[in-house]
>>> print(open('my_file-v4.pdb').read())   # PDB, C-alpha atoms, pLDDT in the B column
MODEL        1
ATOM      1  CA  MET A   1     122.458  53.006 164.452  1.00 56.00           C
ATOM      2  CA  SER A   2     119.406  54.917 163.587  1.00 60.00           C
ATOM      3  CA  ARG A   3     117.690  54.834 160.232  1.00 62.00           C
ATOM      4  CA  PRO A   4     116.929  58.040 158.384  1.00 61.00           C
ATOM      5  CA  PRO A   5     113.237  58.921 158.299  1.00 64.00           C
ATOM      6  CA  HIS A   6     111.297  57.328 155.441  1.00 63.00           C
ATOM      7  CA  ARG A   7     110.624  59.736 152.599  1.00 61.00           C
ATOM      8  CA  PRO A   8     108.152  58.577 150.002  1.00 60.00           C
ATOM      9  CA  ARG A   9     109.489  58.522 146.476  1.00 59.00           C
ATOM     10  CA  PRO A  10     107.711  60.936 144.081  1.00 53.00           C
ATOM     11  CA  PRO A  11     105.551  59.136 141.543  1.00 56.00           C
ATOM     12  CA  ARG A  12     107.022  58.639 138.104  1.00 56.00           C
ATOM     13  CA  ALA A  13     105.330  60.333 135.192  1.00 50.00           C
ATOM     14  CA  ASP A  14     103.826  57.915 132.761  1.00 55.00           C
ATOM     15  CA  GLY A  15     103.415  58.688 129.054  1.00 52.00           C
ATOM     16  CA  ALA A  16      99.951  60.263 129.437  1.00 50.00           C
ATOM     17  CA  SER A  17     101.042  62.521 132.305  1.00 50.00           C
ATOM     18  CA  LEU A  18     104.106  63.637 130.380  1.00 43.00           C
ATOM     19  CA  ALA A  19     101.976  64.455 127.322  1.00 44.00           C
ATOM     20  CA  ILE A  20      99.626  66.583 129.445  1.00 47.00           C
ATOM     21  CA  ILE A  21     102.550  68.459 131.016  1.00 44.00           C
ATOM     22  CA  LEU A  22     104.084  69.163 127.586  1.00 41.00           C
ATOM     23  CA  ALA A  23     100.725  70.359 126.213  1.00 42.00           C
ATOM     24  CA  LEU A  24     100.321  72.757 129.148  1.00 40.00           C
ATOM     25  CA  LEU A  25     103.834  74.106 128.619  1.00 39.00           C
ATOM     26  CA  ALA A  26     103.094  74.660 124.913  1.00 39.00           C
ATOM     27  CA  LEU A  27      99.925  76.604 125.786  1.00 36.00           C
ATOM     28  CA  LEU A  28     101.898  78.701 128.260  1.00 34.00           C
ATOM     29  CA  VAL A  29     104.500  79.567 125.611  1.00 33.00           C
ATOM     30  CA  VAL A  30     101.793  80.559 123.096  1.00 31.00           C
ATOM     31  CA  GLY A  31     100.056  82.681 125.734  1.00 33.00           C
ATOM     32  CA  VAL A  32     103.249  84.492 126.684  1.00 32.00           C
ATOM     33  CA  THR A  33     104.475  85.135 123.155  1.00 30.00           C
ATOM     34  CA  GLY A  34     101.049  85.988 121.723  1.00 32.00           C
ATOM     35  CA  CYS A  35      99.678  85.226 118.330  1.00 31.00           C
ATOM     36  CA  SER A  36     100.017  88.657 116.726  1.00 34.00           C
ATOM     37  CA  LYS A  37     102.772  89.488 114.275  1.00 37.00           C
ATOM     38  CA  SER A  38     105.942  90.012 116.273  1.00 36.00           C
ATOM     39  CA  ASP A  39     107.904  93.220 116.349  1.00 39.00           C
ATOM     40  CA  VAL A  40     111.221  92.210 114.826  1.00 40.00           C
ATOM     41  CA  ARG A  41     113.864  94.822 115.422  1.00 44.00           C
ATOM     42  CA  SER A  42     117.117  93.698 113.919  1.00 44.00           C
ATOM     43  CA  GLY A  43     120.365  95.067 115.279  1.00 50.00           C
ATOM     44  CA  ALA A  44     122.148  95.356 111.950  1.00 55.00           C
ATOM     45  CA  PRO A  45     121.121  96.722 108.572  1.00 61.00           C
ATOM     46  CA  PRO A  46     118.644  96.289 107.148  1.00 73.00           C
ATOM     47  CA  LEU A  47     116.299  97.229 109.973  1.00 78.00           C
ATOM     48  CA  LYS A  48     113.067  95.182 109.997  1.00 81.00           C
ATOM     49  CA  LEU A  49     109.973  96.400 111.809  1.00 82.00           C
ATOM     50  CA  CYS A  50     106.657  94.590 111.624  1.00 87.00           C
ATOM     51  CA  GLY A  51     107.450  92.929 108.330  1.00 86.00           C
ATOM     52  CA  VAL A  52     108.712  96.126 106.654  1.00 87.00           C
ATOM     53  CA  THR A  53     112.376  96.398 105.710  1.00 82.00           C
ATOM     54  CA  PHE A  54     113.968  99.811 106.134  1.00 79.00           C
ATOM     55  CA  TRP A  55     116.935  99.608 103.768  1.00 71.00           C
ATOM     56  CA  THR A  56     120.016 101.747 104.074  1.00 63.00           C
ATOM     57  CA  GLY A  57     123.576 101.640 102.838  1.00 49.00           C
ATOM     58  CA  ALA A  58     124.898 102.985 106.116  1.00 43.00           C
ATOM     59  CA  GLU A  59     125.778 100.994 109.222  1.00 46.00           C
ATOM     60  CA  GLY A  60     124.075 101.441 112.547  1.00 52.00           C
ATOM     61  CA  ILE A  61     120.518 102.300 111.542  1.00 59.00           C
ATOM     62  CA  GLY A  62     118.125 102.095 114.472  1.00 69.00           C
ATOM     63  CA  THR A  63     114.868 103.560 115.711  1.00 74.00           C
ATOM     64  CA  THR A  64     114.248 106.734 117.659  1.00 81.00           C
ATOM     65  CA  PRO A  65     111.395 106.262 120.133  1.00 84.00           C
ATOM     66  CA  LEU A  66     108.931 108.968 121.171  1.00 89.00           C
ATOM     67  CA  SER A  67     109.066 110.573 124.583  1.00 91.00           C
ATOM     68  CA  THR A  68     106.012 109.938 126.734  1.00 89.00           C
ATOM     69  CA  SER A  69     105.496 113.646 127.365  1.00 90.00           C
ATOM     70  CA  THR A  70     102.261 114.975 125.911  1.00 91.00           C
ATOM     71  CA  ARG A  71     102.763 118.546 127.088  1.00 92.00           C
ATOM     72  CA  GLY A  72     102.032 121.100 124.381  1.00 91.00           C
ATOM     73  CA  MET A  73     100.723 118.582 121.838  1.00 94.00           C
ATOM     74  CA  PRO A  74      98.128 119.858 119.356  1.00 93.00           C
ATOM     75  CA  SER A  75      94.567 118.549 119.517  1.00 92.00           C
ATOM     76  CA  THR A  76      93.872 115.109 118.106  1.00 92.00           C
ATOM     77  CA  PRO A  77      93.700 115.071 114.304  1.00 93.00           C
ATOM     78  CA  ALA A  78      91.051 113.194 112.322  1.00 91.00           C
ATOM     79  CA  GLY A  79      93.780 111.159 110.608  1.00 93.00           C
ATOM     80  CA  ASP A  80      97.498 110.937 109.874  1.00 94.00           C
ATOM     81  CA  ARG A  81      99.249 114.042 108.610  1.00 95.00           C
ATOM     82  CA  LEU A  82     102.365 112.695 106.979  1.00 96.00           C
ATOM     83  CA  PRO A  83     104.760 114.348 104.529  1.00 96.00           C
ATOM     84  CA  ALA A  84     104.851 113.400 100.864  1.00 95.00           C
ATOM     85  CA  THR A  85     106.575 110.117 100.076  1.00 93.00           C
ATOM     86  CA  THR A  86     109.802 109.611  98.196  1.00 89.00           C
ATOM     87  CA  ASP A  87     111.686 106.561  97.031  1.00 76.00           C
ATOM     88  CA  ARG A  88     114.922 108.359  96.345  1.00 63.00           C
ATOM     89  CA  ASP A  89     118.045 107.650  98.303  1.00 60.00           C
ATOM     90  CA  ALA A  90     119.060 110.969  99.779  1.00 51.00           C
ATOM     91  CA  GLY A  91     122.673 109.855 100.085  1.00 58.00           C
ATOM     92  CA  GLY A  92     124.580 110.877 103.164  1.00 61.00           C
ATOM     93  CA  PRO A  93     123.309 109.757 106.553  1.00 69.00           C
ATOM     94  CA  PRO A  94     120.701 106.999 106.878  1.00 78.00           C
ATOM     95  CA  PRO A  95     117.045 107.992 107.164  1.00 84.00           C
ATOM     96  CA  ARG A  96     115.636 108.832 110.603  1.00 87.00           C
ATOM     97  CA  VAL A  97     113.432 105.895 111.617  1.00 88.00           C
ATOM     98  CA  VAL A  98     110.899 106.792 114.297  1.00 91.00           C
ATOM     99  CA  SER A  99     109.007 104.112 116.203  1.00 90.00           C
ATOM    100  CA  VAL A 100     105.613 105.353 117.453  1.00 93.00           C
ATOM    101  CA  SER A 101     104.419 102.065 118.973  1.00 90.00           C
ATOM    102  CA  SER A 102     105.988  99.395 121.142  1.00 85.00           C
ATOM    103  CA  ASP A 103     104.640  96.513 119.051  1.00 86.00           C
ATOM    104  CA  CYS A 104     103.135  95.661 115.689  1.00 91.00           C
ATOM    105  CA  SER A 105      99.595  95.040 116.857  1.00 90.00           C
ATOM    106  CA  ARG A 106      98.716  98.622 117.799  1.00 91.00           C
ATOM    107  CA  GLY A 107      99.704 101.552 115.581  1.00 94.00           C
ATOM    108  CA  ARG A 108      99.068 105.235 116.160  1.00 95.00           C
ATOM    109  CA  THR A 109      97.685 108.284 114.365  1.00 96.00           C
ATOM    110  CA  VAL A 110     100.762 110.364 113.486  1.00 96.00           C
ATOM    111  CA  VAL A 111     101.350 114.029 112.691  1.00 96.00           C
ATOM    112  CA  VAL A 112     104.684 115.300 111.321  1.00 97.00           C
ATOM    113  CA  SER A 113     105.159 119.076 111.535  1.00 96.00           C
ATOM    114  CA  PRO A 114     106.279 120.869 109.442  1.00 96.00           C
ATOM    115  CA  ALA A 115     105.573 118.211 106.857  1.00 95.00           C
ATOM    116  CA  SER A 116     107.069 120.240 104.012  1.00 96.00           C
ATOM    117  CA  SER A 117     110.651 119.974 105.338  1.00 96.00           C
ATOM    118  CA  VAL A 118     110.876 116.163 105.181  1.00 95.00           C
ATOM    119  CA  ARG A 119     109.737 113.223 103.064  1.00 94.00           C
ATOM    120  CA  VAL A 120     108.562 109.763 104.135  1.00 93.00           C
ATOM    121  CA  ARG A 121     110.601 106.935 102.702  1.00 91.00           C
ATOM    122  CA  LYS A 122     108.840 103.955 104.282  1.00 90.00           C
ATOM    123  CA  VAL A 123     105.972 103.332 106.715  1.00 93.00           C
ATOM    124  CA  ALA A 124     105.247 100.220 108.771  1.00 94.00           C
ATOM    125  CA  LYS A 125     101.549  99.900 109.686  1.00 94.00           C
ATOM    126  CA  ASP A 126      99.419  97.618 111.824  1.00 93.00           C
ATOM    127  CA  SER A 127      96.572  95.525 110.429  1.00 92.00           C
ATOM    128  CA  ASP A 128      94.155  98.486 110.807  1.00 92.00           C
ATOM    129  CA  GLY A 129      96.407 100.810 108.770  1.00 93.00           C
ATOM    130  CA  HIS A 130      97.764 102.837 111.701  1.00 95.00           C
ATOM    131  CA  VAL A 131     101.427 103.854 111.732  1.00 95.00           C
ATOM    132  CA  VAL A 132     103.856 101.773 113.816  1.00 94.00           C
ATOM    133  CA  ALA A 133     107.111 103.287 112.485  1.00 92.00           C
ATOM    134  CA  LEU A 134     108.211 105.579 109.671  1.00 92.00           C
ATOM    135  CA  SER A 135     111.478 106.653 108.069  1.00 91.00           C
ATOM    136  CA  LEU A 136     112.128 110.278 107.169  1.00 92.00           C
ATOM    137  CA  VAL A 137     114.653 112.009 104.913  1.00 91.00           C
ATOM    138  CA  PRO A 138     115.109 115.760 104.327  1.00 92.00           C
ATOM    139  CA  ALA A 139     113.011 117.289 101.524  1.00 92.00           C
ATOM    140  CA  GLN A 140     116.160 118.984 100.248  1.00 90.00           C
ATOM    141  CA  PRO A 141     119.072 116.525 100.057  1.00 84.00           C
ATOM    142  CA  ARG A 142     121.904 117.276 102.502  1.00 84.00           C
ATOM    143  CA  THR A 143     119.796 119.972 104.224  1.00 91.00           C
ATOM    144  CA  PRO A 144     118.962 119.028 107.825  1.00 93.00           C
ATOM    145  CA  ALA A 145     115.358 119.617 108.882  1.00 95.00           C
ATOM    146  CA  LYS A 146     113.969 119.895 112.418  1.00 96.00           C
ATOM    147  CA  VAL A 147     110.498 118.354 112.821  1.00 96.00           C
ATOM    148  CA  HIS A 148     108.003 117.460 115.526  1.00 96.00           C
ATOM    149  CA  ILE A 149     106.386 114.041 115.443  1.00 95.00           C
ATOM    150  CA  TYR A 150     103.189 113.600 117.457  1.00 96.00           C
ATOM    151  CA  ALA A 151     101.408 110.278 118.097  1.00 95.00           C
ATOM    152  CA  TYR A 152      97.836 109.655 119.245  1.00 96.00           C
ATOM    153  CA  ASP A 153      96.029 106.512 120.372  1.00 93.00           C
ATOM    154  CA  GLY A 154      92.485 107.262 119.260  1.00 88.00           C
ATOM    155  CA  THR A 155      91.788 110.643 120.843  1.00 89.00           C
ATOM    156  CA  ARG A 156      94.480 110.308 123.514  1.00 93.00           C
ATOM    157  CA  PRO A 157      97.963 111.830 122.957  1.00 95.00           C
ATOM    158  CA  THR A 158     100.644 109.175 123.569  1.00 94.00           C
ATOM    159  CA  GLY A 159     103.961 110.903 122.892  1.00 94.00           C
ATOM    160  CA  GLN A 160     106.061 113.230 120.812  1.00 95.00           C
ATOM    161  CA  LEU A 161     109.541 113.783 119.461  1.00 94.00           C
ATOM    162  CA  LEU A 162     111.464 116.832 118.293  1.00 94.00           C
ATOM    163  CA  THR A 163     114.222 115.571 116.008  1.00 92.00           C
ATOM    164  CA  THR A 164     116.611 116.696 113.313  1.00 92.00           C
ATOM    165  CA  VAL A 165     116.451 114.700 110.102  1.00 91.00           C
ATOM    166  CA  ASP A 166     119.869 114.851 108.393  1.00 86.00           C
TER     167      ASP A 166
ENDMDL
END
>>> encode(input="my_file-v4.pdb", output="structure tokens")
Amino acid sequence: MSRPPHRPRPPRADGASLAIILALLALLVVGVTGCSKSDVRSGAPPLKLCGVTFWTGAEGIGTTPLSTSTRGMPSTPAGDRLPATTDRDAGGPPPRVVSVSSDCSRGRTVVVSPASSVRVRKVAKDSDGHVVALSLVPAQPRTPAKVHIYAYDGTRPTGQLLTTVD
């Protein structure tokens, strides 16, 4: 009979080696997940984005992302051009929540046009005060309004959305 070839046994990890491996894994997890505030997008009401709760009495609230098309966008504004704010509950459908950034660490300069046809209910901003997401309701309750939303990263257009706010 022949003997199988000798294969050396892998060394066993002692306590110090195991501690080093666990520390490296912990650093890897922190590096992958990042240290900035996470973008929490809940699937059920209320919707939470970047620490801001977008309340609604209706089921199924979610965000509407921007398209990446920048064709036909106006020139870069000096600052946000948002509609007036309101705290009233418009009744009817939930507010239109528009996400203008993929995470909470980098907001955008936002223009809503025409601003007079809608009102802002809530705004989530990054640590520099730039818009990450906003919720819109019609200026006149139960009167749908069609608006353009444009987003800019500094002087660079990043996306837009034409939407109807019910």
>>> closest_residue(input="my_file-v4.pdb", among="A:Gly107, A:Pro77, A:Pro83, A:Pro144", to="Val132 of chain A", atoms="all atoms listed in the file")
A:Gly107
>>> residues_around(input="my_file-v4.pdb", residues="segment 125-131 of chain A", least_positions_apart="3", cutoff="10 Å", atoms="all atoms listed in the file", output="MDAnalysis selection string")
chainID A and resid 36:37 49:52 79:80 99:101 103:110 122 134 151 153
>>> closest_residue(input="my_file-v4.pdb", among="A:Tyr152, A:Val147, A:Ala115, A:Phe54", to="Ser75 of chain A", atoms="only C-alpha atoms")
A:Tyr152
>>> atom_distance(input="my_file-v4.pdb", atom1="atom CA of Thr163 of chain A", atom2="atom CA of Ala78 of chain A")
23.6 Å
>>> atom_distance(input="my_file-v4.pdb", atom1="atom CA of Trp55 of chain A", atom2="atom CA of Gly159 of chain A")
25.7 Å
>>> closest_residue(input="my_file-v4.pdb", among="A:Arg119, A:Asp87, A:Arg96, A:Ser135", to="Thr164 of chain A", atoms="only C-alpha atoms")
A:Arg96
>>> atom_distance(input="my_file-v4.pdb", atom1="atom CA of Pro94 of chain A", atom2="atom CA of Tyr150 of chain A")
21.5 Å
>>> resolve_selection(input="my_file-v4.pdb", expression="the PyMOL selection byres ((chain A and resi 117) around 7)", output="JSON, numbers by chain")
{"A": [114, 115, 116, 118, 138, 139, 145]}
>>> write_last_selection(input="my_file-v4.pdb", atoms="C-alpha atoms", output="mmCIF file, in the frame of the given file")
data_model
loop_
_atom_site.group_PDB
_atom_site.id
_atom_site.type_symbol
_atom_site.label_atom_id
_atom_site.label_comp_id
_atom_site.auth_asym_id
_atom_site.auth_seq_id
_atom_site.Cartn_x
_atom_site.Cartn_y
_atom_site.Cartn_z
ATOM 1 C CA PRO A 114 106.279 120.869 109.442
ATOM 2 C CA ALA A 115 105.573 118.211 106.857
ATOM 3 C CA SER A 116 107.069 120.240 104.012
ATOM 4 C CA VAL A 118 110.876 116.163 105.181
ATOM 5 C CA PRO A 138 115.109 115.760 104.327
ATOM 6 C CA ALA A 139 113.011 117.289 101.524
ATOM 7 C CA ALA A 145 115.358 119.617 108.882
#
>>> axis_aligned_box(input="my_file-v4.pdb", around="segment 120-123 of chain A", padding_each_side="4 Å", output="lines of an AutoDock Vina configuration file")
center_x = 108.3
center_y = 106.5
center_z = 104.7
size_x = 12.6
size_y = 14.4
size_z = 12.0
>>> residues_near_point(input="my_file-v4.pdb", point="(116.8, 105.0, 117.0)", cutoff="7 Å", atoms="all atoms listed in the file", output="MDAnalysis selection string")
chainID A and resid 62:65 97:98
>>> residues_near_point(input="my_file-v4.pdb", point="(110.4, 109.2, 99.1)", cutoff="7 Å", atoms="all atoms listed in the file", output="number ranges by chain")
A: 85-88, 119-121
>>> resolve_selection(input="my_file-v4.pdb", expression="the PyMOL selection byres ((chain A and resi 71-74) around 8)", output="number ranges by chain")
A: 69-70, 75-76, 150, 157, 160
>>> closest_residue(input="my_file-v4.pdb", among="A:Ser67, A:Val165, A:Ser102, A:Leu47", to="Leu136 of chain A", atoms="all atoms listed in the file")
A:Val165
>>> resolve_selection(input="my_file-v4.pdb", expression="the PyMOL selection byres ((chain A and resi 148) around 6)", output="PyMOL selection string")
chain A and resi 112-113+147+149+161-162
>>> build_atoms(input="my_file-v4.pdb", residues="segment 99-128 of chain A", atoms="N, CA and C atoms", output="PDB file, keeping the file's coordinate frame")
ATOM      1  N   SER A  99     109.959 105.123 115.758  1.00 90.00           N
ATOM      2  CA  SER A  99     109.007 104.112 116.203  1.00 90.00           C
ATOM      3  C   SER A  99     107.964 104.793 117.074  1.00 90.00           C
ATOM      4  N   VAL A 100     106.682 104.690 116.697  1.00 93.00           N
ATOM      5  CA  VAL A 100     105.613 105.353 117.453  1.00 93.00           C
ATOM      6  C   VAL A 100     104.782 104.369 118.270  1.00 93.00           C
ATOM      7  N   SER A 101     105.143 103.089 118.226  1.00 90.00           N
ATOM      8  CA  SER A 101     104.419 102.065 118.973  1.00 90.00           C
ATOM      9  C   SER A 101     105.403 101.021 119.462  1.00 90.00           C
ATOM     10  N   SER A 102     105.074 100.385 120.578  1.00 85.00           N
ATOM     11  CA  SER A 102     105.988  99.395 121.142  1.00 85.00           C
ATOM     12  C   SER A 102     105.845  98.020 120.497  1.00 85.00           C
ATOM     13  N   ASP A 103     104.791  97.788 119.737  1.00 86.00           N
ATOM     14  CA  ASP A 103     104.640  96.513 119.051  1.00 86.00           C
ATOM     15  C   ASP A 103     103.838  96.682 117.764  1.00 86.00           C
ATOM     16  N   CYS A 104     103.762  95.611 117.012  1.00 91.00           N
ATOM     17  CA  CYS A 104     103.135  95.661 115.689  1.00 91.00           C
ATOM     18  C   CYS A 104     101.623  95.554 115.704  1.00 91.00           C
ATOM     19  N   SER A 105     101.036  95.250 116.830  1.00 90.00           N
ATOM     20  CA  SER A 105      99.595  95.040 116.857  1.00 90.00           C
ATOM     21  C   SER A 105      98.809  96.321 117.067  1.00 90.00           C
ATOM     22  N   ARG A 106      99.457  97.389 117.483  1.00 91.00           N
ATOM     23  CA  ARG A 106      98.716  98.622 117.799  1.00 91.00           C
ATOM     24  C   ARG A 106      99.482  99.846 117.304  1.00 91.00           C
ATOM     25  N   GLY A 107      99.085 100.357 116.128  1.00 94.00           N
ATOM     26  CA  GLY A 107      99.704 101.552 115.581  1.00 94.00           C
ATOM     27  C   GLY A 107      99.081 102.807 116.157  1.00 94.00           C
ATOM     28  N   ARG A 108      99.515 103.939 115.666  1.00 95.00           N
ATOM     29  CA  ARG A 108      99.068 105.235 116.160  1.00 95.00           C
ATOM     30  C   ARG A 108      98.690 106.150 114.994  1.00 95.00           C
ATOM     31  N   THR A 109      97.913 107.199 115.313  1.00 96.00           N
ATOM     32  CA  THR A 109      97.685 108.284 114.365  1.00 96.00           C
ATOM     33  C   THR A 109      98.873 109.216 114.528  1.00 96.00           C
ATOM     34  N   VAL A 110      99.506 109.612 113.426  1.00 96.00           N
ATOM     35  CA  VAL A 110     100.762 110.364 113.486  1.00 96.00           C
ATOM     36  C   VAL A 110     100.646 111.673 112.728  1.00 96.00           C
ATOM     37  N   VAL A 111     101.249 112.719 113.329  1.00 96.00           N
ATOM     38  CA  VAL A 111     101.350 114.029 112.691  1.00 96.00           C
ATOM     39  C   VAL A 111     102.827 114.411 112.657  1.00 96.00           C
ATOM     40  N   VAL A 112     103.322 114.795 111.469  1.00 97.00           N
ATOM     41  CA  VAL A 112     104.684 115.300 111.321  1.00 97.00           C
ATOM     42  C   VAL A 112     104.571 116.772 110.970  1.00 97.00           C
ATOM     43  N   SER A 113     105.267 117.628 111.746  1.00 96.00           N
ATOM     44  CA  SER A 113     105.159 119.076 111.535  1.00 96.00           C
ATOM     45  C   SER A 113     106.524 119.743 111.669  1.00 96.00           C
ATOM     46  N   PRO A 114     106.927 120.570 110.720  1.00 96.00           N
ATOM     47  CA  PRO A 114     106.279 120.869 109.442  1.00 96.00           C
ATOM     48  C   PRO A 114     106.543 119.749 108.437  1.00 96.00           C
ATOM     49  N   ALA A 115     105.495 119.327 107.799  1.00 95.00           N
ATOM     50  CA  ALA A 115     105.573 118.211 106.857  1.00 95.00           C
ATOM     51  C   ALA A 115     106.351 118.567 105.594  1.00 95.00           C
ATOM     52  N   SER A 116     106.417 119.837 105.262  1.00 96.00           N
ATOM     53  CA  SER A 116     107.069 120.240 104.012  1.00 96.00           C
ATOM     54  C   SER A 116     108.591 120.113 104.059  1.00 96.00           C
ATOM     55  N   SER A 117     109.185 120.002 105.249  1.00 96.00           N
ATOM     56  CA  SER A 117     110.651 119.974 105.338  1.00 96.00           C
ATOM     57  C   SER A 117     111.247 118.570 105.242  1.00 96.00           C
ATOM     58  N   VAL A 118     110.390 117.541 105.271  1.00 95.00           N
ATOM     59  CA  VAL A 118     110.876 116.163 105.181  1.00 95.00           C
ATOM     60  C   VAL A 118     110.001 115.353 104.227  1.00 95.00           C
ATOM     61  N   ARG A 119     110.491 114.165 103.884  1.00 94.00           N
ATOM     62  CA  ARG A 119     109.737 113.223 103.064  1.00 94.00           C
ATOM     63  C   ARG A 119     109.731 111.877 103.773  1.00 94.00           C
ATOM     64  N   VAL A 120     108.660 111.107 103.576  1.00 93.00           N
ATOM     65  CA  VAL A 120     108.562 109.763 104.135  1.00 93.00           C
ATOM     66  C   VAL A 120     109.125 108.782 103.121  1.00 93.00           C
ATOM     67  N   ARG A 121     110.040 107.943 103.575  1.00 91.00           N
ATOM     68  CA  ARG A 121     110.601 106.935 102.702  1.00 91.00           C
ATOM     69  C   ARG A 121     109.861 105.611 102.825  1.00 91.00           C
ATOM     70  N   LYS A 122     109.526 105.226 104.032  1.00 90.00           N
ATOM     71  CA  LYS A 122     108.840 103.955 104.282  1.00 90.00           C
ATOM     72  C   LYS A 122     107.973 104.088 105.521  1.00 90.00           C
ATOM     73  N   VAL A 123     106.870 103.344 105.553  1.00 93.00           N
ATOM     74  CA  VAL A 123     105.972 103.332 106.715  1.00 93.00           C
ATOM     75  C   VAL A 123     105.606 101.893 107.031  1.00 93.00           C
ATOM     76  N   ALA A 124     105.731 101.519 108.293  1.00 94.00           N
ATOM     77  CA  ALA A 124     105.247 100.220 108.771  1.00 94.00           C
ATOM     78  C   ALA A 124     103.922 100.479 109.470  1.00 94.00           C
ATOM     79  N   LYS A 125     102.882  99.696 109.115  1.00 94.00           N
ATOM     80  CA  LYS A 125     101.549  99.900 109.686  1.00 94.00           C
ATOM     81  C   LYS A 125     101.032  98.617 110.319  1.00 94.00           C
ATOM     82  N   ASP A 126     100.072  98.780 111.230  1.00 93.00           N
ATOM     83  CA  ASP A 126      99.419  97.618 111.824  1.00 93.00           C
ATOM     84  C   ASP A 126      98.322  97.128 110.887  1.00 93.00           C
ATOM     85  N   SER A 127      97.601  96.111 111.298  1.00 92.00           N
ATOM     86  CA  SER A 127      96.572  95.525 110.429  1.00 92.00           C
ATOM     87  C   SER A 127      95.394  96.465 110.176  1.00 92.00           C
ATOM     88  N   ASP A 128      95.222  97.501 111.005  1.00 92.00           N
ATOM     89  CA  ASP A 128      94.155  98.486 110.807  1.00 92.00           C
ATOM     90  C   ASP A 128      94.625  99.703 110.007  1.00 92.00           C
TER      91      ASP A 128
END
